[in-house]
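Visitor: Shown below is the structure under consideration.
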Amino acid sequence: MEQGYFITGTDTNVGKTWATVALMRYFKGKEKSVIGMKPVASGCTVNNGRLVNADALLLQGNSTVKLDYSLINPYAFALPVSPHIAGKDNPVNMDKIVAAFNSLKEATQIILVEGAGGWYSPLNENQDNSHLAIALELPVLMVVSIKLGCINHAKLTYQAIRASGANCIGWTAVFTDANAMYSNETVATIKKLLDVPLLGVLPYMNIPDFDALARNYFFDSVNY
């Protein structure tokens with residue numbers, strides 16, 4: 001592995017998966033091998049006798065290295081609720097995730113790890129996504145859904161990442177609301193308030209074109 005990133009969001013359903021897949025396409029365009037990992041997922045369905053998650057399948061399908069689903073998504077829970085509730089009978093074990101991640105590190109140049117929910121969303125009774133990012137020793141990319149209230153969410157999440165001791169290297173703006181007003185002005189405001197670079201601005205799409213979205217990243221122009 002040359003580099004890995006932990007993708008967190010200002011909330012759940014803020015566009016983390018689309019942002020992650022677009023970034024995977026970006027790195028593939030740079031002729032890098034890349035794997036997407038979603039260690040913990042709730043709201044899974046049964047396919048061929050096993051629980052699978054739609055977002056995790058999307059990451060698996062866009063990875064340049066084909067690996068068993070269990071490495072991409074070690075914890076798949078049926079209930080669409082917080083993992084610490086959904087996984088009560090099979091609680092998330094951080095060591096198991098770290099072991100899967102270490103296996104993936106040997107197989108690719110870039111790893112993108114998508115968290116479950118927001119930064120402090122619990123994964124088990126005692127640990128949340130912040131603990132996972134730190135256990136994996138990954139720099140953090142923050143995804144911000146551009147909608148009413150996101151300025152507050154962005155500031156709070158960024159402060160939480162820093163307070164946890166993790167290294168937030170930048171953020172991505174995702175336009176998730178077709179009817180949001182003054183979206184560009186909102187992005188400009190957040191850009192002024194955060195002291196880390198804006199790494200991508202992903203426009204609203206009803207159906208994603210990930211190659212088009214990938215062109216809206218500008219990773220190479222940023223030093224971190």
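The way I read the labels, and the way they are meant: chains A, B, ... in the order of the structure tokens, residue 1 as the first residue of every chain, and ligand 1 as the first ligand shown, with later ones counted on from there.
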Taking the backbone alone, and naming residues the way the document does, which bits of range 12-181 of chain A are strand (DSSP E) by DSSP, as a PDB file with N, CA and C atoms, in the first residue's frame?

Guide:
```pdb
ATOM      1  N   VAL A  34      -6.506   0.109  -6.636  1.00  0.00           N
ATOM      2  CA  VAL A  34      -7.272   0.670  -5.525  1.00  0.00           C
ATOM      3  C   VAL A  34      -8.306  -0.322  -5.028  1.00  0.00           C
ATOM      4  N   ILE A  35      -8.501  -0.337  -3.718  1.00  0.00           N
ATOM      5  CA  ILE A  35      -9.514  -1.170  -3.080  1.00  0.00           C
ATOM      6  C   ILE A  35     -10.381  -0.285  -2.197  1.00  0.00           C
ATOM      7  N   GLY A  36     -11.684  -0.502  -2.248  1.00  0.00           N
ATOM      8  CA  GLY A  36     -12.607   0.164  -1.350  1.00  0.00           C
ATOM      9  C   GLY A  36     -13.065  -0.807  -0.275  1.00  0.00           C
ATOM     10  N   MET A  37     -13.067  -0.347   0.970  1.00  0.00           N
ATOM     11  CA  MET A  37     -13.440  -1.197   2.103  1.00  0.00           C
ATOM     12  C   MET A  37     -14.516  -0.505   2.928  1.00  0.00           C
ATOM     13  N   VAL A  40     -17.867  -1.929   8.359  1.00  0.00           N
ATOM     14  CA  VAL A  40     -19.110  -2.169   9.098  1.00  0.00           C
ATOM     15  C   VAL A  40     -20.274  -1.580   8.309  1.00  0.00           C
ATOM     16  N   ALA A  41     -21.312  -2.379   8.109  1.00  0.00           N
ATOM     17  CA  ALA A  41     -22.480  -1.913   7.364  1.00  0.00           C
ATOM     18  C   ALA A  41     -23.760  -2.455   7.979  1.00  0.00           C
ATOM     19  N   THR A  45     -28.922  -7.110   3.059  1.00  0.00           N
ATOM     20  CA  THR A  45     -29.881  -8.088   2.561  1.00  0.00           C
ATOM     21  C   THR A  45     -29.172  -9.403   2.270  1.00  0.00           C
ATOM     22  N   VAL A  46     -29.942 -10.459   2.180  1.00  0.00           N
ATOM     23  CA  VAL A  46     -29.371 -11.783   1.936  1.00  0.00           C
ATOM     24  C   VAL A  46     -29.221 -12.009   0.440  1.00  0.00           C
ATOM     25  N   ASN A  47     -28.025 -12.408   0.034  1.00  0.00           N
ATOM     26  CA  ASN A  47     -27.747 -12.741  -1.355  1.00  0.00           C
ATOM     27  C   ASN A  47     -26.891 -13.999  -1.369  1.00  0.00           C
ATOM     28  N   ARG A  50     -25.771 -15.128   2.132  1.00  0.00           N
ATOM     29  CA  ARG A  50     -24.957 -14.294   3.010  1.00  0.00           C
ATOM     30  C   ARG A  50     -25.498 -12.869   3.009  1.00  0.00           C
ATOM     31  N   LEU A  51     -25.304 -12.186   4.127  1.00  0.00           N
ATOM     32  CA  LEU A  51     -25.703 -10.788   4.222  1.00  0.00           C
ATOM     33  C   LEU A  51     -24.709  -9.909   3.476  1.00  0.00           C
ATOM     34  N   VAL A  52     -25.244  -9.049   2.611  1.00  0.00           N
ATOM     35  CA  VAL A  52     -24.394  -8.127   1.860  1.00  0.00           C
ATOM     36  C   VAL A  52     -25.014  -6.733   1.894  1.00  0.00           C
ATOM     37  N   TYR A  75     -18.187  -6.901   8.727  1.00  0.00           N
ATOM     38  CA  TYR A  75     -19.382  -6.903   9.568  1.00  0.00           C
ATOM     39  C   TYR A  75     -20.571  -6.366   8.775  1.00  0.00           C
ATOM     40  N   ALA A  76     -21.476  -7.279   8.420  1.00  0.00           N
ATOM     41  CA  ALA A  76     -22.699  -6.946   7.683  1.00  0.00           C
ATOM     42  C   ALA A  76     -23.900  -7.293   8.556  1.00  0.00           C
ATOM     43  N   ILE A 110      -3.615   1.758  -3.227  1.00  0.00           N
ATOM     44  CA  ILE A 110      -4.478   2.711  -2.528  1.00  0.00           C
ATOM     45  C   ILE A 110      -5.626   1.955  -1.866  1.00  0.00           C
ATOM     46  N   ILE A 111      -5.924   2.288  -0.608  1.00  0.00           N
ATOM     47  CA  ILE A 111      -7.096   1.749   0.079  1.00  0.00           C
ATOM     48  C   ILE A 111      -7.949   2.912   0.572  1.00  0.00           C
ATOM     49  N   LEU A 112      -9.231   2.862   0.267  1.00  0.00           N
ATOM     50  CA  LEU A 112     -10.194   3.826   0.790  1.00  0.00           C
ATOM     51  C   LEU A 112     -11.135   3.086   1.718  1.00  0.00           C
ATOM     52  N   VAL A 113     -11.184   3.503   2.973  1.00  0.00           N
ATOM     53  CA  VAL A 113     -12.017   2.859   3.981  1.00  0.00           C
ATOM     54  C   VAL A 113     -13.175   3.790   4.322  1.00  0.00           C
ATOM     55  N   GLU A 114     -14.386   3.340   4.038  1.00  0.00           N
ATOM     56  CA  GLU A 114     -15.574   4.150   4.308  1.00  0.00           C
ATOM     57  C   GLU A 114     -16.142   3.810   5.680  1.00  0.00           C
ATOM     58  N   GLY A 115     -16.279   4.804   6.524  1.00  0.00           N
ATOM     59  CA  GLY A 115     -16.869   4.606   7.833  1.00  0.00           C
ATOM     60  C   GLY A 115     -18.369   4.393   7.755  1.00  0.00           C
ATOM     61  N   ALA A 116     -18.954   4.036   8.892  1.00  0.00           N
ATOM     62  CA  ALA A 116     -20.403   3.817   8.984  1.00  0.00           C
ATOM     63  C   ALA A 116     -21.028   4.997   9.711  1.00  0.00           C
ATOM     64  N   GLY A 117     -21.776   5.821   8.971  1.00  0.00           N
ATOM     65  CA  GLY A 117     -22.377   6.992   9.594  1.00  0.00           C
ATOM     66  C   GLY A 117     -21.360   8.093   9.797  1.00  0.00           C
ATOM     67  N   GLY A 118     -21.544   8.867  10.884  1.00  0.00           N
ATOM     68  CA  GLY A 118     -20.657   9.984  11.167  1.00  0.00           C
ATOM     69  C   GLY A 118     -19.467   9.595  12.018  1.00  0.00           C
ATOM     70  N   VAL A 140      -7.726  11.251   7.425  1.00  0.00           N
ATOM     71  CA  VAL A 140      -9.174  11.299   7.265  1.00  0.00           C
ATOM     72  C   VAL A 140      -9.578  12.304   6.186  1.00  0.00           C
ATOM     73  N   LEU A 141     -10.519  11.879   5.347  1.00  0.00           N
ATOM     74  CA  LEU A 141     -11.184  12.763   4.390  1.00  0.00           C
ATOM     75  C   LEU A 141     -12.628  12.936   4.849  1.00  0.00           C
ATOM     76  N   MET A 142     -13.066  14.176   4.980  1.00  0.00           N
ATOM     77  CA  MET A 142     -14.417  14.459   5.465  1.00  0.00           C
ATOM     78  C   MET A 142     -15.343  14.799   4.302  1.00  0.00           C
ATOM     79  N   VAL A 143     -16.492  14.116   4.252  1.00  0.00           N
ATOM     80  CA  VAL A 143     -17.497  14.370   3.229  1.00  0.00           C
ATOM     81  C   VAL A 143     -18.600  15.228   3.830  1.00  0.00           C
ATOM     82  N   VAL A 144     -18.891  16.348   3.160  1.00  0.00           N
ATOM     83  CA  VAL A 144     -19.909  17.283   3.628  1.00  0.00           C
ATOM     84  C   VAL A 144     -21.040  17.333   2.613  1.00  0.00           C
ATOM     85  N   SER A 145     -22.245  17.003   3.047  1.00  0.00           N
ATOM     86  CA  SER A 145     -23.427  17.134   2.209  1.00  0.00           C
ATOM     87  C   SER A 145     -23.870  18.593   2.220  1.00  0.00           C
ATOM     88  N   CYS A 168      -7.042  15.083   9.772  1.00  0.00           N
ATOM     89  CA  CYS A 168      -7.959  15.380   8.666  1.00  0.00           C
ATOM     90  C   CYS A 168      -7.181  16.150   7.615  1.00  0.00           C
ATOM     91  N   ILE A 169      -7.061  15.582   6.421  1.00  0.00           N
ATOM     92  CA  ILE A 169      -6.238  16.218   5.389  1.00  0.00           C
ATOM     93  C   ILE A 169      -7.048  17.019   4.386  1.00  0.00           C
ATOM     94  N   GLY A 170      -8.377  16.950   4.475  1.00  0.00           N
ATOM     95  CA  GLY A 170      -9.179  17.711   3.544  1.00  0.00           C
ATOM     96  C   GLY A 170     -10.625  17.266   3.552  1.00  0.00           C
ATOM     97  N   TRP A 171     -11.435  17.926   2.717  1.00  0.00           N
ATOM     98  CA  TRP A 171     -12.860  17.619   2.687  1.00  0.00           C
ATOM     99  C   TRP A 171     -13.395  17.651   1.265  1.00  0.00           C
ATOM    100  N   THR A 172     -14.517  16.973   1.087  1.00  0.00           N
ATOM    101  CA  THR A 172     -15.206  16.921  -0.197  1.00  0.00           C
ATOM    102  C   THR A 172     -16.617  17.449  -0.022  1.00  0.00           C
ATOM    103  N   ALA A 173     -17.022  18.334  -0.898  1.00  0.00           N
ATOM    104  CA  ALA A 173     -18.392  18.843  -0.913  1.00  0.00           C
ATOM    105  C   ALA A 173     -19.218  17.997  -1.870  1.00  0.00           C
ATOM    106  N   VAL A 174     -20.355  17.498  -1.403  1.00  0.00           N
ATOM    107  CA  VAL A 174     -21.248  16.697  -2.238  1.00  0.00           C
ATOM    108  C   VAL A 174     -22.606  17.372  -2.289  1.00  0.00           C
TER     109      VAL A 174
END
```

Visitor: At a cut-off of 10 Å, using only C-alpha atoms, what residues contact range 60-63 of chain A? Leave out same-chain residues fewer than 5 positions from it and give the result as a PDB file with C-alpha atoms, in the first residue's frame.

Guide:
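Output saved as selection-v9.pdb:
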```pdb
ATOM      1  CA  THR A  20     -15.536   7.135  -2.219  1.00  0.00           C
ATOM      2  CA  VAL A  21     -16.313   5.423  -5.530  1.00  0.00           C
ATOM      3  CA  ALA A  22     -15.590   8.641  -7.440  1.00  0.00           C
ATOM      4  CA  MET A  24     -11.544   5.243  -6.541  1.00  0.00           C
ATOM      5  CA  ARG A  25     -12.192   6.091 -10.202  1.00  0.00           C
ATOM      6  CA  LYS A  28      -7.727   4.321 -11.284  1.00  0.00           C
ATOM      7  CA  SER A  33      -4.552  -0.102  -8.048  1.00  0.00           C
ATOM      8  CA  VAL A  34      -7.272   0.670  -5.525  1.00  0.00           C
ATOM      9  CA  ILE A  35      -9.514  -1.170  -3.080  1.00  0.00           C
ATOM     10  CA  GLY A  36     -12.607   0.164  -1.350  1.00  0.00           C
ATOM     11  CA  MET A  37     -13.440  -1.197   2.103  1.00  0.00           C
ATOM     12  CA  LYS A  38     -16.562  -0.725   4.223  1.00  0.00           C
ATOM     13  CA  ALA A  54     -25.324  -2.369  -1.420  1.00  0.00           C
ATOM     14  CA  ASP A  55     -22.653   0.243  -0.676  1.00  0.00           C
ATOM     15  CA  ASP A  68     -13.735 -12.003  -1.145  1.00  0.00           C
ATOM     16  CA  TYR A  69     -16.634  -9.930   0.132  1.00  0.00           C
ATOM     17  CA  LEU A  71     -12.552  -8.748   3.454  1.00  0.00           C
ATOM     18  CA  ILE A  72     -14.364  -5.735   2.011  1.00  0.00           C
ATOM     19  CA  ASN A  73     -17.149  -5.838   4.600  1.00  0.00           C
ATOM     20  CA  THR A 108      -3.064  -2.721  -3.631  1.00  0.00           C
ATOM     21  CA  ILE A 110      -4.478   2.711  -2.528  1.00  0.00           C
ATOM     22  CA  ILE A 111      -7.096   1.749   0.079  1.00  0.00           C
ATOM     23  CA  LEU A 112     -10.194   3.826   0.790  1.00  0.00           C
ATOM     24  CA  PHE A 210     -18.692   8.069 -11.330  1.00  0.00           C
TER      25      PHE A 210
END
```

Visitor: What's the 9 Å shell around Ser183 in chain A, counting only C-alpha atoms, without same-chain residues fewer than 5 positions away, as a PDB file with C-alpha atoms, in the first residue's frame?

Guide:
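Everything below was put into part.pdb:
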```pdb
ATOM      1  CA  ILE A 146     -24.212  20.640   0.964  1.00  0.00           C
ATOM      2  CA  LYS A 147     -27.613  21.422   2.413  1.00  0.00           C
ATOM      3  CA  PHE A 175     -24.349  18.352  -3.654  1.00  0.00           C
ATOM      4  CA  ALA A 188     -17.229  29.001  -0.171  1.00  0.00           C
TER       5      ALA A 188
END
```

Visitor: Could you tell me which of A:Asn48, A:Asn90, A:Thr186, A:Asn53 comes closest to Ile151 in chain A if we count only C-alpha atoms?

Guide: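 Among the listed residues, the smallest separation from Ile151 in chain A belongs to A:Thr186.
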
Visitor: Pick the closest to Thr8 in chain A from A:Ala135, A:Leu148, A:Leu57, A:Ile161: which is it, counting only C-alpha atoms?

Guide: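 Using only C-alpha atoms, the shortest distance to Thr8 in chain A belongs to A:Ile161.
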
Visitor: Check the smallest atom-to-atom distance from each of A:Val196, A:Leu58, A:Cys44, A:Asp89 to Ala19 in chain A using only C-alpha atoms, then report the winner.

Guide: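 Smallest distance to Ala19 in chain A is found for A:Leu58.
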
Visitor: With 10 Å as the cut-off and only C-alpha atoms counted, what is the closest atom pair between each nearby residue of range 105-201 of chain A and range 93-96 of chain A? Distances in Å to one decimal, ordered by chain and number, as a Markdown table.

Guide:
```
| residue | atom | partner | partner_atom | distance |
| --- | --- | --- | --- | --- |
| A:Leu123 | CA | A:Asn93 | CA | 9.0 |
| A:Asn124 | CA | A:Asn93 | CA | 8.0 |
| A:Gln127 | CA | A:Met94 | CA | 8.5 |
| A:Asp128 | CA | A:Met94 | CA | 9.9 |
| A:His131 | CA | A:Met94 | CA | 8.6 |
| A:Leu132 | CA | A:Met94 | CA | 6.9 |
| A:Ala135 | CA | A:Met94 | CA | 7.8 |
| A:Leu136 | CA | A:Met94 | CA | 9.4 |
```

Visitor: Go ahead and dump the residues you just picked, N, CA and C atoms, as a tab-separated table (two decimals), in the first residue's frame.

Guide:
```tsv
chain	number	residue	atom	x	y	z
A	123	LEU	N	-19.81	1.88	16.85
A	123	LEU	CA	-19.67	0.60	16.15
A	123	LEU	C	-19.95	-0.58	17.08
A	124	ASN	N	-19.63	-0.38	18.35
A	124	ASN	CA	-19.98	-1.36	19.38
A	124	ASN	C	-20.27	-0.58	20.66
A	127	GLN	N	-16.77	1.58	21.26
A	127	GLN	CA	-15.93	2.20	20.22
A	127	GLN	C	-16.78	2.73	19.08
A	128	ASP	N	-16.28	3.79	18.44
A	128	ASP	CA	-16.98	4.39	17.32
A	128	ASP	C	-16.03	4.53	16.13
A	131	HIS	N	-12.43	5.69	16.71
A	131	HIS	CA	-11.49	4.66	17.17
A	131	HIS	C	-11.00	3.80	15.99
A	132	LEU	N	-11.89	3.54	15.05
A	132	LEU	CA	-11.50	2.72	13.90
A	132	LEU	C	-10.47	3.43	13.04
A	135	ALA	N	-7.22	3.30	14.83
A	135	ALA	CA	-6.67	1.94	14.84
A	135	ALA	C	-6.02	1.59	13.50
A	136	LEU	N	-6.60	2.10	12.41
A	136	LEU	CA	-6.07	1.83	11.07
A	136	LEU	C	-4.94	2.78	10.70
```

Visitor: May I ask for the distance between CA of Trp119 in chain A and CA of Ala180 in chain A, given in Å to one decimal place?

Guide: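 These atoms are spaced 24.0 Å apart.
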
Visitor: Which one is closest to Val201 in chain A: A:Pro91, A:Ile97, A:Asn216, A:Thr189? Count only C-alpha atoms.

Guide: A:Asn216

Visitor: With only C-alpha atoms as the basis for distance, which of A:Ser82, A:Thr17, A:Asn102, A:Ser130 is at the shortest distance from Tyr158 in chain A?

Guide: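 Smallest distance to Tyr158 in chain A is found for A:Ser130.
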
Visitor: Determine which residues of range 43-214 of chain A DSSP labels as helix (DSSP H, G or I) from the backbone of this structure, then write them out as a ChimeraX atom specification.

Guide: /A:54-62,69-72,83-86,94-105,129-136,150-163,183-193,210-214

Visitor: Give the answer as one residue: which of A:Thr64, A:Lys155, A:Asp209, A:Pro203 has the shortest atom-to-atom distance to Lys191 in chain A, using only C-alpha atoms?

Guide: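 For Lys191 in chain A, the nearest of the candidates is A:Lys155.
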
Visitor: Could you tell me how far CA of Tyr182 in chain A sits from CA of Pro197 in chain A, in Å to one decimal place?

Guide: 20.5 Å

Visitor: Could you jot down the CA of Pro122 in chain A to CA of Val92 in chain A separation for me, Å, one decimal place?

Guide: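 Atom-to-atom, CA of Pro122 in chain A to CA of Val92 in chain A, that is 9.9 Å.
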